[in-house]
Each structure stands twice: as C-alpha cells, then as structure tokens.
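This is query_32.txt (compact mmCIF, C-alpha atoms and all ligand atoms).
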```txt
# COMPACT_ATOMS: atom_id res chain seq x y z
CA MET A 1 17.28 43.38 -49.46
CA ASN A 2 13.80 43.53 -48.01
CA GLN A 3 13.76 46.61 -45.76
CA THR A 4 10.80 45.48 -43.68
CA LEU A 5 12.70 42.34 -42.71
CA LEU A 6 15.86 44.31 -41.85
CA VAL A 7 13.91 46.75 -39.68
CA GLU A 8 12.18 43.90 -37.89
CA ALA A 9 15.47 41.98 -37.34
CA ALA A 10 17.11 45.15 -35.95
CA ARG A 11 14.14 45.78 -33.66
CA LEU A 12 14.27 42.25 -32.25
CA LEU A 13 18.03 42.41 -31.75
CA GLU A 14 17.63 45.67 -29.85
CA GLU A 15 14.95 44.08 -27.70
CA ILE A 16 17.26 41.15 -26.91
CA ARG A 17 20.09 43.53 -25.98
CA ALA A 18 17.84 45.77 -23.89
CA ALA A 19 16.66 42.75 -21.92
CA GLY A 20 20.30 41.83 -21.22
CA LEU A 21 19.84 38.54 -23.06
CA TYR A 22 22.27 39.03 -25.94
CA LYS A 23 24.59 36.04 -26.14
CA GLU A 24 28.18 36.86 -27.01
CA GLN A 25 30.33 34.08 -28.43
CA ARG A 26 33.90 33.59 -27.29
CA HIS A 27 36.31 32.52 -29.97
CA ILE A 28 38.30 29.52 -28.85
CA GLU A 29 41.64 29.19 -30.59
CA THR A 30 42.58 25.78 -29.22
CA ARG A 31 41.07 22.30 -29.03
CA GLN A 32 38.33 21.75 -26.49
CA GLY A 33 39.77 20.92 -23.07
CA THR A 34 40.26 22.13 -19.53
CA ASN A 35 42.94 24.58 -20.69
CA ILE A 36 41.81 26.72 -23.59
CA VAL A 37 42.73 30.01 -25.19
CA ALA A 38 39.67 32.14 -25.87
CA ASP A 39 39.91 35.59 -27.44
CA GLY A 40 43.66 35.51 -26.81
CA LYS A 41 43.33 34.67 -23.11
CA SER A 42 44.40 31.43 -21.38
CA LEU A 43 41.52 30.10 -19.33
CA ILE A 44 40.54 27.04 -17.33
CA ASN A 45 37.32 25.88 -18.91
CA PHE A 46 34.48 24.93 -16.57
CA CYS A 47 31.58 25.13 -18.99
CA ALA A 48 31.93 22.29 -21.50
CA ASN A 49 29.83 19.11 -21.39
CA ASN A 50 33.16 17.33 -21.72
CA TYR A 51 32.36 14.97 -18.86
CA LEU A 52 34.99 12.32 -19.56
CA GLY A 53 37.53 14.85 -20.82
CA LEU A 54 37.79 13.18 -24.23
CA SER A 55 36.53 15.90 -26.56
CA GLY A 56 39.90 17.35 -27.60
CA SER A 57 42.01 14.29 -26.88
CA GLN A 58 44.67 12.97 -29.24
CA GLU A 59 43.24 9.43 -29.00
CA LEU A 60 40.01 10.62 -30.60
CA VAL A 61 41.82 12.63 -33.25
CA ASP A 62 43.88 9.55 -34.17
CA ALA A 63 40.76 7.38 -34.26
CA ALA A 64 39.05 9.97 -36.47
CA LYS A 65 41.94 9.95 -38.96
CA ASP A 66 41.68 6.17 -39.31
CA VAL A 67 37.93 6.32 -39.91
CA LEU A 68 38.31 9.17 -42.42
CA ASP A 69 40.87 7.13 -44.36
CA ARG A 70 38.62 4.09 -44.47
CA TYR A 71 35.13 5.56 -44.91
CA GLY A 72 35.76 9.02 -46.33
CA TYR A 73 34.25 12.33 -45.33
CA GLY A 74 30.65 12.55 -46.48
CA LEU A 75 27.98 10.46 -48.14
CA SER A 76 25.92 13.00 -50.07
CA SER A 77 22.87 10.96 -49.20
CA VAL A 78 20.20 10.16 -46.66
CA ARG A 79 20.31 6.77 -44.97
CA PHE A 80 17.85 4.92 -47.20
CA ILE A 81 19.25 5.99 -50.56
CA CYS A 82 23.00 5.39 -50.35
CA GLY A 83 23.91 6.79 -46.94
CA THR A 84 24.26 3.68 -44.81
CA GLN A 85 27.77 2.32 -44.33
CA THR A 86 28.79 -0.68 -42.29
CA ILE A 87 30.10 1.69 -39.62
CA HIS A 88 26.60 3.13 -39.09
CA LYS A 89 25.17 -0.35 -38.61
CA GLU A 90 28.04 -1.27 -36.28
CA LEU A 91 27.43 1.80 -34.09
CA GLU A 92 23.69 1.10 -33.99
CA LYS A 93 24.45 -2.44 -32.83
CA GLN A 94 26.94 -1.31 -30.21
CA MET A 95 24.77 1.54 -28.88
CA ALA A 96 21.80 -0.82 -28.58
CA ALA A 97 23.96 -3.29 -26.64
CA TYR A 98 25.38 -0.49 -24.49
CA LEU A 99 21.93 0.82 -23.56
CA GLN A 100 20.61 -2.74 -23.24
CA LYS A 101 17.92 -2.30 -25.89
CA GLU A 102 17.10 -4.46 -28.91
CA ASP A 103 18.00 -1.89 -31.51
CA CYS A 104 19.08 1.69 -32.14
CA ILE A 105 18.83 4.31 -34.88
CA LEU A 106 21.35 7.09 -35.43
CA PHE A 107 20.54 10.73 -36.07
CA THR A 108 22.78 13.70 -36.78
CA SER A 109 21.94 15.09 -33.34
CA CYS A 110 19.87 14.27 -30.28
CA TRP A 111 17.74 17.24 -31.31
CA ASP A 112 16.84 15.35 -34.48
CA ALA A 113 16.30 12.16 -32.47
CA ASN A 114 13.82 13.97 -30.22
CA GLU A 115 12.07 15.47 -33.22
CA ALA A 116 11.72 11.98 -34.68
CA VAL A 117 10.21 10.14 -31.74
CA PHE A 118 6.91 11.85 -30.96
CA ALA A 119 5.75 12.78 -34.45
CA THR A 120 6.46 9.24 -35.65
CA LEU A 121 4.84 7.35 -32.79
CA LEU A 122 1.93 9.50 -31.60
CA THR A 123 -1.29 10.60 -33.29
CA ASP A 124 -4.28 12.73 -32.29
CA GLN A 125 -5.64 9.70 -30.45
CA ASP A 126 -2.71 9.79 -28.01
CA ALA A 127 -1.34 11.90 -25.16
CA VAL A 128 2.14 12.93 -24.12
CA ILE A 129 3.02 13.99 -20.58
CA SER A 130 6.21 15.97 -20.28
CA ASP A 131 8.28 17.30 -17.33
CA ALA A 132 8.00 21.09 -17.05
CA LEU A 133 11.79 21.52 -17.25
CA ASN A 134 12.44 19.23 -20.19
CA HIS A 135 15.04 20.25 -22.75
CA ALA A 136 13.94 22.43 -25.66
CA SER A 137 14.44 19.55 -28.11
CA LEU A 138 11.91 17.37 -26.26
CA ILE A 139 9.52 20.33 -26.10
CA ASP A 140 9.84 21.04 -29.83
CA GLY A 141 9.69 17.33 -30.69
CA ILE A 142 6.43 17.10 -28.78
CA ARG A 143 5.10 20.24 -30.49
CA LEU A 144 5.52 18.50 -33.84
CA CYS A 145 3.17 15.66 -32.96
CA LYS A 146 -0.60 15.76 -32.90
CA ALA A 147 -1.04 14.09 -29.52
CA GLU A 148 -2.75 15.91 -26.64
CA ARG A 149 -0.05 17.64 -24.59
CA HIS A 150 0.25 17.70 -20.81
CA VAL A 151 3.04 19.10 -18.65
CA PHE A 152 3.71 17.81 -15.14
CA GLN A 153 5.39 19.90 -12.46
CA HIS A 154 9.12 19.30 -12.42
CA MET A 155 9.82 15.82 -10.98
CA ASP A 156 6.46 15.88 -9.19
CA MET A 157 5.19 12.30 -9.17
CA ALA A 158 1.77 13.18 -7.73
CA ASP A 159 1.19 15.57 -10.62
CA LEU A 160 2.43 13.00 -13.14
CA GLU A 161 0.04 10.41 -11.69
CA GLN A 162 -2.83 12.87 -11.86
CA LYS A 163 -2.06 13.48 -15.55
CA LEU A 164 -1.77 9.76 -16.25
CA LYS A 165 -5.20 9.26 -14.67
CA ALA A 166 -6.68 12.13 -16.66
CA THR A 167 -5.50 10.65 -19.98
CA GLN A 168 -6.64 7.07 -19.43
CA GLY A 169 -9.06 7.26 -22.36
CA LYS A 170 -6.24 7.79 -24.84
CA ARG A 171 -4.88 5.05 -27.11
CA LEU A 172 -1.18 5.58 -26.28
CA ARG A 173 0.24 7.60 -23.39
CA CYS A 174 3.87 8.67 -23.36
CA VAL A 175 5.83 10.10 -20.43
CA ALA A 176 8.83 12.16 -21.58
CA THR A 177 11.65 13.30 -19.32
CA ASP A 178 15.25 14.40 -19.30
CA GLY A 179 17.45 12.02 -17.30
CA VAL A 180 19.40 14.96 -15.90
CA PHE A 181 18.14 18.54 -16.09
CA SER A 182 20.82 20.80 -17.42
CA MET A 183 20.19 23.93 -15.35
CA ASP A 184 20.15 22.25 -11.93
CA GLY A 185 21.97 18.97 -12.46
CA ASP A 186 19.09 17.16 -10.76
CA ILE A 187 18.45 13.55 -11.72
CA ALA A 188 14.94 12.45 -12.72
CA PRO A 189 13.37 9.84 -10.39
CA MET A 190 13.38 7.21 -13.11
CA LYS A 191 12.19 4.36 -10.91
CA ASP A 192 9.11 6.27 -9.78
CA ILE A 193 8.42 7.42 -13.34
CA CYS A 194 8.71 3.87 -14.69
CA ASP A 195 6.53 2.45 -11.89
CA LEU A 196 3.79 5.00 -12.61
CA ALA A 197 4.05 4.50 -16.36
CA GLU A 198 3.71 0.74 -15.88
CA ARG A 199 0.70 1.17 -13.57
CA TYR A 200 -1.10 3.34 -16.12
CA ASN A 201 0.12 1.53 -19.22
CA ALA A 202 2.17 4.42 -20.59
CA PHE A 203 5.54 4.21 -22.30
CA VAL A 204 8.59 6.17 -21.21
CA VAL A 205 10.91 8.28 -23.37
CA LEU A 206 14.12 9.28 -21.59
CA ASP A 207 16.49 11.90 -23.00
CA ASP A 208 19.73 10.94 -21.30
CA SER A 209 22.07 13.40 -22.99
CA HIS A 210 23.57 14.63 -19.70
CA ALA A 211 24.09 11.12 -18.32
CA THR A 212 25.04 8.64 -21.05
CA GLY A 213 28.62 7.53 -20.63
CA PHE A 214 29.15 8.33 -16.96
CA LEU A 215 26.08 8.23 -14.67
CA GLY A 216 25.11 4.93 -13.04
CA PRO A 217 27.27 2.00 -11.90
CA THR A 218 28.66 1.37 -15.41
CA GLY A 219 27.96 4.79 -16.94
CA ARG A 220 24.80 3.84 -18.83
CA GLY A 221 22.88 6.83 -17.57
CA ALA A 222 20.00 7.90 -15.35
CA ALA A 223 17.95 4.73 -15.89
CA GLU A 224 20.88 2.56 -14.85
CA HIS A 225 21.50 4.91 -11.90
CA HIS A 226 17.99 4.12 -10.67
CA GLY A 227 18.12 0.43 -11.67
CA VAL A 228 15.45 0.66 -14.38
CA LEU A 229 17.38 0.41 -17.64
CA ASP A 230 15.08 -2.44 -18.69
CA LYS A 231 11.91 -0.46 -17.90
CA VAL A 232 12.53 2.62 -20.04
CA ASP A 233 10.98 2.09 -23.47
CA LEU A 234 13.05 4.54 -25.50
CA ILE A 235 16.32 6.26 -24.68
CA THR A 236 17.41 9.24 -26.76
CA THR A 237 20.89 10.57 -26.27
CA THR A 238 23.68 12.65 -27.76
CA PHE A 239 27.22 11.84 -28.84
CA GLY A 240 27.98 15.54 -28.38
CA LYS A 241 28.75 15.49 -24.67
CA ALA A 242 30.50 12.60 -22.84
CA LEU A 243 30.77 10.38 -25.92
CA GLY A 244 33.32 12.46 -27.81
CA GLY A 245 31.66 15.86 -27.97
CA ALA A 246 31.27 16.39 -31.73
CA ASN A 247 27.65 15.73 -32.56
CA GLY A 248 25.25 12.95 -33.45
CA GLY A 249 22.62 11.19 -31.42
CA CYS A 250 20.40 8.15 -31.37
CA VAL A 251 17.22 6.50 -30.16
CA ALA A 252 17.49 3.04 -28.60
CA GLY A 253 14.49 0.80 -27.96
CA SER A 254 12.65 -2.25 -29.16
CA LYS A 255 13.21 -3.59 -32.68
CA LYS A 256 9.79 -2.76 -34.07
CA VAL A 257 9.81 0.82 -32.84
CA ILE A 258 13.28 1.45 -34.24
CA GLU A 259 12.24 -0.12 -37.55
CA LEU A 260 9.26 2.25 -37.64
CA LEU A 261 11.54 5.24 -37.01
CA HIS A 262 13.70 4.16 -39.97
CA GLN A 263 10.57 4.07 -42.11
CA ARG A 264 8.76 7.17 -40.94
CA ALA A 265 10.95 9.65 -39.04
CA ARG A 266 11.38 12.78 -41.11
CA THR A 267 14.75 13.61 -39.52
CA THR A 268 16.21 10.46 -41.01
CA LEU A 269 14.25 10.27 -44.27
CA PHE A 270 14.93 13.82 -45.38
CA THR A 271 18.39 14.63 -44.05
CA ASN A 272 21.89 13.33 -44.64
CA SER A 273 23.42 10.47 -42.66
CA LEU A 274 25.63 11.01 -39.67
CA PRO A 275 29.16 11.54 -41.05
CA PRO A 276 31.05 8.23 -40.81
CA VAL A 277 33.89 9.85 -38.90
CA ILE A 278 31.50 10.58 -36.02
CA ALA A 279 30.06 7.08 -36.10
CA GLY A 280 33.58 5.62 -35.99
CA VAL A 281 34.85 7.87 -33.21
CA THR A 282 31.72 7.26 -31.13
CA LEU A 283 32.37 3.52 -31.47
CA PHE A 284 35.93 4.16 -30.34
CA VAL A 285 34.71 6.18 -27.32
CA LEU A 286 32.27 3.44 -26.29
CA SER A 287 35.04 0.90 -26.13
CA TYR A 288 37.64 3.36 -24.73
CA SER A 289 35.38 4.46 -21.88
CA GLU A 290 34.48 0.85 -21.04
CA SER A 291 38.16 0.01 -20.71
CA HIS A 292 38.96 3.21 -18.77
CA PRO A 293 36.54 3.20 -15.82
CA GLU A 294 39.02 5.44 -14.04
CA LEU A 295 37.68 8.34 -16.14
CA ARG A 296 34.25 7.99 -14.54
CA GLU A 297 35.81 7.57 -11.11
CA LYS A 298 37.87 10.72 -11.61
CA LEU A 299 34.80 12.66 -12.76
CA TRP A 300 32.85 11.72 -9.62
CA GLN A 301 35.88 12.34 -7.40
CA ASN A 302 36.33 15.82 -8.91
CA THR A 303 32.61 16.53 -8.61
CA ARG A 304 32.47 15.57 -4.93
CA TYR A 305 35.64 17.58 -4.25
CA PHE A 306 34.22 20.73 -5.85
CA ARG A 307 30.74 20.39 -4.34
CA GLU A 308 32.19 19.89 -0.84
CA LYS A 309 34.63 22.79 -1.12
CA MET A 310 31.94 25.19 -2.34
CA ALA A 311 29.46 24.19 0.35
CA HIS A 312 32.23 24.56 2.94
CA ALA A 313 33.00 28.03 1.58
CA GLY A 314 29.38 29.01 2.26
CA PHE A 315 27.98 29.03 -1.28
CA ALA A 316 24.43 27.92 -2.05
CA VAL A 317 24.82 24.65 -3.97
CA PRO A 318 21.61 22.68 -4.56
CA VAL A 319 21.87 19.11 -3.34
CA SER A 320 22.65 16.67 -6.15
CA GLU A 321 25.61 14.58 -7.17
CA HIS A 322 25.92 15.47 -10.84
CA PRO A 323 28.94 17.26 -12.39
CA ILE A 324 26.61 20.09 -13.41
CA VAL A 325 26.97 22.28 -10.33
CA PRO A 326 24.88 25.47 -10.21
CA ILE A 327 26.20 28.08 -7.80
CA MET A 328 23.09 30.02 -6.86
CA ILE A 329 23.53 33.78 -6.98
CA GLY A 330 19.94 35.06 -7.20
CA ASP A 331 20.18 38.33 -9.08
CA GLY A 332 20.75 37.99 -12.84
CA LYS A 333 23.05 40.98 -13.27
CA THR A 334 25.23 39.88 -10.34
CA ALA A 335 25.54 36.36 -11.80
CA ASN A 336 26.54 37.71 -15.21
CA ASP A 337 28.98 40.29 -13.75
CA MET A 338 30.57 37.65 -11.55
CA ALA A 339 30.96 35.23 -14.46
CA GLN A 340 32.51 38.04 -16.50
CA ASP A 341 34.93 38.88 -13.66
CA MET A 342 35.92 35.21 -13.43
CA LEU A 343 37.74 35.71 -16.74
CA HIS A 344 40.20 38.01 -14.93
CA GLU A 345 40.84 35.10 -12.55
CA GLY A 346 41.61 32.85 -15.54
CA ILE A 347 38.31 30.96 -15.22
CA TYR A 348 35.67 30.42 -17.87
CA VAL A 349 32.17 29.87 -16.47
CA ILE A 350 28.78 31.12 -17.61
CA GLY A 351 26.07 33.01 -15.74
CA PHE A 352 22.46 31.97 -16.41
CA SER A 353 19.60 34.32 -15.70
CA TYR A 354 15.90 34.80 -16.55
CA PRO A 355 14.29 33.53 -18.79
CA VAL A 356 16.68 30.56 -19.04
CA VAL A 357 16.13 30.01 -15.30
CA PRO A 358 13.30 31.38 -13.11
CA MET A 359 13.41 35.04 -12.03
CA GLY A 360 15.53 35.46 -8.87
CA LYS A 361 17.27 32.11 -9.41
CA ALA A 362 20.22 33.28 -11.47
CA ARG A 363 23.30 31.18 -11.13
CA ILE A 364 26.77 30.45 -12.37
CA ARG A 365 26.80 26.96 -13.79
CA VAL A 366 30.01 25.03 -13.30
CA GLN A 367 30.62 21.83 -15.23
CA ILE A 368 33.18 19.45 -13.91
CA SER A 369 35.20 17.12 -16.13
CA ALA A 370 37.32 14.05 -15.47
CA ALA A 371 40.17 16.02 -17.02
CA HIS A 372 40.20 18.77 -14.36
CA THR A 373 43.02 18.60 -11.82
CA PRO A 374 42.49 19.27 -8.09
CA GLU A 375 44.67 22.37 -8.53
CA GLN A 376 42.34 23.73 -11.23
CA ILE A 377 39.34 23.11 -8.99
CA ASP A 378 41.17 24.85 -6.09
CA GLN A 379 41.78 27.84 -8.37
CA LEU A 380 38.08 27.92 -9.24
CA VAL A 381 37.02 27.82 -5.58
CA ASP A 382 39.56 30.55 -4.72
CA ALA A 383 38.12 32.71 -7.49
CA PHE A 384 34.57 32.16 -6.21
CA GLU A 385 35.67 33.08 -2.69
CA LYS A 386 37.36 36.27 -3.90
CA LEU A 387 34.39 37.34 -6.01
CA GLY A 388 31.90 36.20 -3.36
CA LYS A 389 33.37 38.87 -1.08
CA LYS A 390 33.06 41.48 -3.82
CA TYR A 391 29.59 40.64 -5.12
CA LEU A 392 27.79 38.70 -2.40
CA ASN A 393 29.13 40.31 0.77
CA MET A 394 30.53 36.96 1.79
CA SER A 395 33.21 36.98 4.44
CA ASN A 396 35.50 34.31 5.77
CA SER A 397 33.11 33.95 8.72
CA SER A 398 30.52 32.46 6.35
CA ARG A 399 32.74 29.40 6.07
C1 LIG B 1 18.92 17.16 -22.51
C2 LIG B 1 19.41 17.46 -23.90
N1 LIG B 1 18.80 16.87 -24.94
C3 LIG B 1 19.19 17.11 -26.20
C4 LIG B 1 20.22 17.97 -26.47
C5 LIG B 1 20.59 18.21 -27.91
O1 LIG B 1 21.68 17.39 -28.22
P1 LIG B 1 22.40 17.56 -29.62
O2 LIG B 1 23.46 18.60 -29.42
O3 LIG B 1 22.94 16.21 -29.94
O4 LIG B 1 21.35 17.98 -30.59
C6 LIG B 1 20.88 18.60 -25.43
C7 LIG B 1 21.99 19.53 -25.73
O5 LIG B 1 22.13 20.59 -25.21
C8 LIG B 1 20.47 18.35 -24.10
O6 LIG B 1 21.07 18.94 -23.07
```
Before anything else, please render the file you have as structure tokens.
Ligand SMILES: Cc1ncc(COP(=O)(O)O)c(C=O)c1O
Amino acid sequence: MNQTLLVEAARLLEEIRAAGLYKEQRHIETRQGTNIVADGKSLINFCANNYLGLSGSQELVDAAKDVLDRYGYGLSSVRFICGTQTIHKELEKQMAAYLQKEDCILFTSCWDANEAVFATLLTDQDAVISDALNHASLIDGIRLCKAERHVFQHMDMADLEQKLKATQGKRLRCVATDGVFSMDGDIAPMKDICDLAERYNAFVVLDDSHATGFLGPTGRGAAEHHGVLDKVDLITTTFGKALGGANGGCVAGSKKVIELLHQRARTTLFTNSLPPVIAGVTLFVLSYSESHPELREKLWQNTRYFREKMAHAGFAVPVSEHPIVPIMIGDGKTANDMAQDMLHEGIYVIGFSYPVVPMGKARIRVQISAAHTPEQIDQLVDAFEKLGKKYLNMSNSSR
C-alpha cells in the first residue's frame, strides 16, 4: 500500500474531524418510512426526501417484483449497445408527457443528468448563469463544460438580469436553477426567471428534484407552481425522492435536444442503463400518484400543520410553503447537539452547519412526508419545545 497516500488520507480525515464535519452514518435496519429502526433504536424519521411516503411501501415492492420477473435485473450494457428495453422507452414517453415536454432521456441519477446537459449543449462560445445556491450536481455539471461561467446572487433577479446583459455577445446563454433549494426549502421564482430568459434570448435549465411529483397544482413541480411549465426549456429531475426514492433521473425537453443528449452525453454513452426495475417502478409511481391526489393533499396539510405549530411555539422558521422546513438555530454545535439529543426523544432529524450552510445559520432540517401522522408531528414539536428550553433558553412565554 502506498504510504504517502495513507498518510495523506489520514491527515485529511483528521482535518475533517477536527472541523466537526465528519459525517457518521446511521445503519437503518428496516425499510424506509416514517417509523424506522436505526442502530437498534426505534425512531420517527423526519429526514428522508420521501415526500409522498412511497419509498418503502408494499405497493412499490410488489410492482418491482413484477418488473423484475418480466425484464430481469440488469442489462450489462449502455443504452446504445443493447441496454434499451421497451420499459425505458415507455418511461421516457410517460415522463415527457408528465412534464409536458416533447421528449425525455433517462439517466441513472439526476447527478448524471446534470452532468450531461451543460457539457453536451454548451461550448466556449457560450455562457451559463447559475444561482449561487444551486445543487452540487448542477455546479459540477457546469464545471464540465467550456462555457463562460457566471453566478447570480441567490434568487436575485436584478443580478440575473445584469449577468444576462453582460453576456449578450455569447452564442448561447443558459440560466440554471434548482426549483427548490434543499437547505432552505425556498422555491425559485420561475416566472421571473423565464421572463428574463425570454427577454435576453437565453434558455432555462431547471433541476426540479425537490419538487417533481408534489409541488404545483398537479404535482409537476416548481415550473407548474409558477405557471411556466411551457416556458422552461429543460427540466432535470430525480426518481430518488418523491417518485419512489430508489435512484434514476431524467432530462425532459424538446425532441432535438433530447436526441442530441442521446448522441453526445457521456453519462449515457459510457455508463450502463437505468436498471429496468427502477424504470418500471417509476412508471408505476407516476400513475399511482396521479390516481392518489390525496397523497399530495396530505403532504401539504402535514407541512402547514408543522410550520404553524413551530412558528406558534416561537421557533425561527423561514417563510416558505415547502415540506423542507429548516428550524434556524444559529450556532453549529448547538444545532448538532440538539439533533443528537432528538434521538433520545425518538426523533431522527439532522443538524446542518458551516460549510453546508453559511456561518451562523446552522439549522435542524425537518422533512415532512405525506406518510407522517399528526401524532408524529405533535411528538416532533414537543421534542423541539423540550430541547428549545435546554439549548435555546426558550420558555413557554415565547409562545
Ligand atoms: C436539487 C438536486 N439535484 C440533484 C440531486 C441528485 O439526484 P440523484 O440522487 O438522482 O443523483 C439532488 C439530490 O440530492 C438534489 O437535491
């Protein structure tokens, strides 16, 4: 074993630990759900992206068994050699229809989808303008392309306009944004973004991973929420959150662009196809969630209930409506200690501190699911109130 490498790895690990950034993994012994057993302890889970509560459900397991029987487990191939089954084409058709685009291409993750888009479409004659708080996969996807890179202040339309003006000499301009930002649960102003993009002849790439399946009048995401589904050029999204929670992702857009991605995107040309079982279960989830709108209603009902109770209890909850609910704590150590103490209250939540969020803006991020019961949410609020007294000097008078 190369000793220089080992010494360097050990040094970096020590640095990560010393900075308090070492990420421990809990070992979950059950299926994903609101009730889990982790490291031998029964917990109510408030940190999965399991928005519709389907990730561990029996319906999906049964659907998966049927697909496995019909299409098998793996393809041992990339898409263009012998890795395209009818179920892949069917999901591409259905996802395109769902997102109201002409066509769609599957990837094994939204990360891969985001890596595909920019490097395939943009050259050194182009520019990309990206929200400062975009997800790491958009940031890395953009790093892989040769276009000039600009970052606009988070959701700041004046800054975006200024950057659109400054890049007018470029051949193509692309505005890239998350639909919902995962640390704050804030929703991108998609109408304003699309209006500006149209005015300056730019195209819009929306990563809607935290919105597809539940946000907007029929759950089609942040663009639908703002009434501009038809204006967004390309939507990238994941199947690893609301749409079943395993993995897989896609890009939906116009026929020619999707065709070009099939031809040129390295994360489809040089990597295996999405396993058919995921394609099949995602198809099942699309149809299941369309015929069970009560799941979306329950998610929003639960979210409103939790947000209202926490605000009433005196906690700092940034204004939004999304099921990602950050409870602002401020100090990083306090947030992490509180989240750790929550385990003794039977609650699983995660504390986020610098550098994942800005210094002094540490928080405990709660994620609400359609599968949570009001009693579970009450238990969570009770736990916050108890620990708020211990860690934040909160008293009943703050309510
Ligand atoms: C906004 C956003 N984009 C992309 C991804 C990556 O999705 P996937 O797990 O499908 O690679 C995530 C996952 O955390 C995300 O939150």
Item to complete: Find the residues near region 12-26 of chain A: any atom within 12 Å, counting all atoms listed in the file, skip ones fewer than 3 places away on the same chain, and give them as a PyMOL selection string.
Response: chain A and resi 5-9+29-30+36-41+43+45+332-333+336-337+340+343+348-356
Worksheet entry | Contacts of region 221-227 of chain A at 12 Å (all atoms listed in the file; same-chain gap of 2+ positions) as a PyMOL selection string | chain A and resi 98-100+177-181+185-195+204-219+229-238+242+296+321-322
Worksheet entry | Residues within 8 Å of (-5.4, 14.3, -28.8), file coords, all atoms listed in the file, listed as a count of residues only | 10
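Between ligand LIG 1 (chain B) and the candidates A:Asp140, A:Asp159, A:Glu92, A:Glu198, the tightest atom-to-atom separation, counting only C-alpha atoms and all ligand atoms, involves A:Asp140.
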Discussion item. Nearest residue to Asp112 (chain A) out of A:Phe270, A:Phe46, A:Phe203, A:Phe80, using only C-alpha atoms?
Written reply: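 Going through A:Phe270, A:Phe46, A:Phe203, A:Phe80 one by one, the smallest distance to Asp112 (chain A) is for A:Phe270.
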Worksheet item: How many Å separate CA of Gln85 (chain A) from CA of Cys104 (chain A)?
Response: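 Distance reported for this atom pair: 15.0 Å.
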Item to complete: Could you check which of A:Met394, A:Ala279, A:Val366, A:Ile377 is closest to Ala313 (chain A), using all atoms listed in the file?
Response: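 Smallest distance to Ala313 (chain A) is found for A:Met394.
Across the model, the gap from CA of His27 (chain A) to CA of Pro323 (chain A) is 24.4 Å.
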Item to complete: Give the answer as one residue: which of A:Gln376, A:Gln301, A:Gly360, A:Ala113 has the shortest atom-to-atom distance to Glu345 (chain A), using all atoms listed in the file?
Response: A:Gln376
Fill in: Distance of CA of Asp331 (chain A) from CA of Arg363 (chain A), expressed in Å to one decimal place
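These two atoms are separated by 8.1 Å.
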Discussion item. Measuring between all atoms listed in the file, which one of A:Ala97, A:Cys82, A:Met328, A:Ala176 shows the shortest distance to ligand LIG 1 (chain B)?
Written reply: A:Ala176
Around all listed atoms of region 284-288 of chain A, padded 5 Å per side, what centre and edge lengths does the axis-aligned box have in Å to one decimal, as AutoDock Vina command-line options?
```
--center_x 35.0 --center_y 3.5 --center_z -27.5 --size_x 15.4 --size_y 15.3 --size_z 15.6
```
Discussion item. Show me, as number ranges by chain, the residues that have an atom within 9 Å of Ser57 (chain A) when counting only C-alpha atoms, minus same-chain residues fewer than 4 positions from it.
Written reply: A: 31-33, 53, 61-62, 244
Is there a way to get, as an mmCIF file with C-alpha atoms, in the coordinates of the input, all residues within 9 Å of the point (-5.6, 5.8, -22.1) in file coordinates, counting all atoms listed in the file?
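Written output follows (part_14.cif):
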```
data_model
loop_
_atom_site.group_PDB
_atom_site.id
_atom_site.type_symbol
_atom_site.label_atom_id
_atom_site.label_comp_id
_atom_site.auth_asym_id
_atom_site.auth_seq_id
_atom_site.Cartn_x
_atom_site.Cartn_y
_atom_site.Cartn_z
ATOM 1 C CA ASP A 126 -2.710 9.790 -28.010
ATOM 2 C CA ALA A 127 -1.340 11.900 -25.160
ATOM 3 C CA LEU A 164 -1.770 9.760 -16.250
ATOM 4 C CA LYS A 165 -5.200 9.260 -14.670
ATOM 5 C CA ALA A 166 -6.680 12.130 -16.660
ATOM 6 C CA THR A 167 -5.500 10.650 -19.980
ATOM 7 C CA GLN A 168 -6.640 7.070 -19.430
ATOM 8 C CA GLY A 169 -9.060 7.260 -22.360
ATOM 9 C CA LYS A 170 -6.240 7.790 -24.840
ATOM 10 C CA ARG A 171 -4.880 5.050 -27.110
ATOM 11 C CA LEU A 172 -1.180 5.580 -26.280
ATOM 12 C CA ARG A 173 0.240 7.600 -23.390
ATOM 13 C CA TYR A 200 -1.100 3.340 -16.120
ATOM 14 C CA ASN A 201 0.120 1.530 -19.220
ATOM 15 C CA ALA A 202 2.170 4.420 -20.590
#
```
Item to complete: Have a look at A:Ala116, A:Ala136, A:Ala10, A:Met155 and name the one nearest to ligand LIG 1 (chain B); count only C-alpha atoms and all ligand atoms.
Response: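 Of A:Ala116, A:Ala136, A:Ala10, A:Met155, the one nearest ligand LIG 1 (chain B), counting only C-alpha atoms and all ligand atoms, is A:Ala136.
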What's the 6 Å shell around Lys241 (chain A), counting all atoms listed in the file, without same-chain residues fewer than 3 positions away, as a compact mmCIF listing (two decimals) with C-alpha atoms, in the coordinates of the input?
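Result file is around-v2.txt:
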```txt
# COMPACT_ATOMS: atom_id res chain seq x y z
CA ASN A 49 29.83 19.11 -21.39
CA ASN A 50 33.16 17.33 -21.72
CA GLY A 245 31.66 15.86 -27.97
```
Quick one: residues within 8 Å of Ile368 (chain A), all atoms listed in the file, excluding same-chain residues fewer than 6 positions away - as an mmCIF file with C-alpha atoms, in the frame of the given file?
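That gives us part11.cif:
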```
data_model
loop_
_atom_site.group_PDB
_atom_site.id
_atom_site.type_symbol
_atom_site.label_atom_id
_atom_site.label_comp_id
_atom_site.auth_asym_id
_atom_site.auth_seq_id
_atom_site.Cartn_x
_atom_site.Cartn_y
_atom_site.Cartn_z
ATOM 1 C CA PHE A 46 34.480 24.930 -16.570
ATOM 2 C CA CYS A 47 31.580 25.130 -18.990
ATOM 3 C CA TYR A 51 32.360 14.970 -18.860
ATOM 4 C CA LEU A 299 34.800 12.660 -12.760
ATOM 5 C CA ASN A 302 36.330 15.820 -8.910
ATOM 6 C CA THR A 303 32.610 16.530 -8.610
ATOM 7 C CA PRO A 323 28.940 17.260 -12.390
ATOM 8 C CA ILE A 324 26.610 20.090 -13.410
ATOM 9 C CA VAL A 325 26.970 22.280 -10.330
#
```
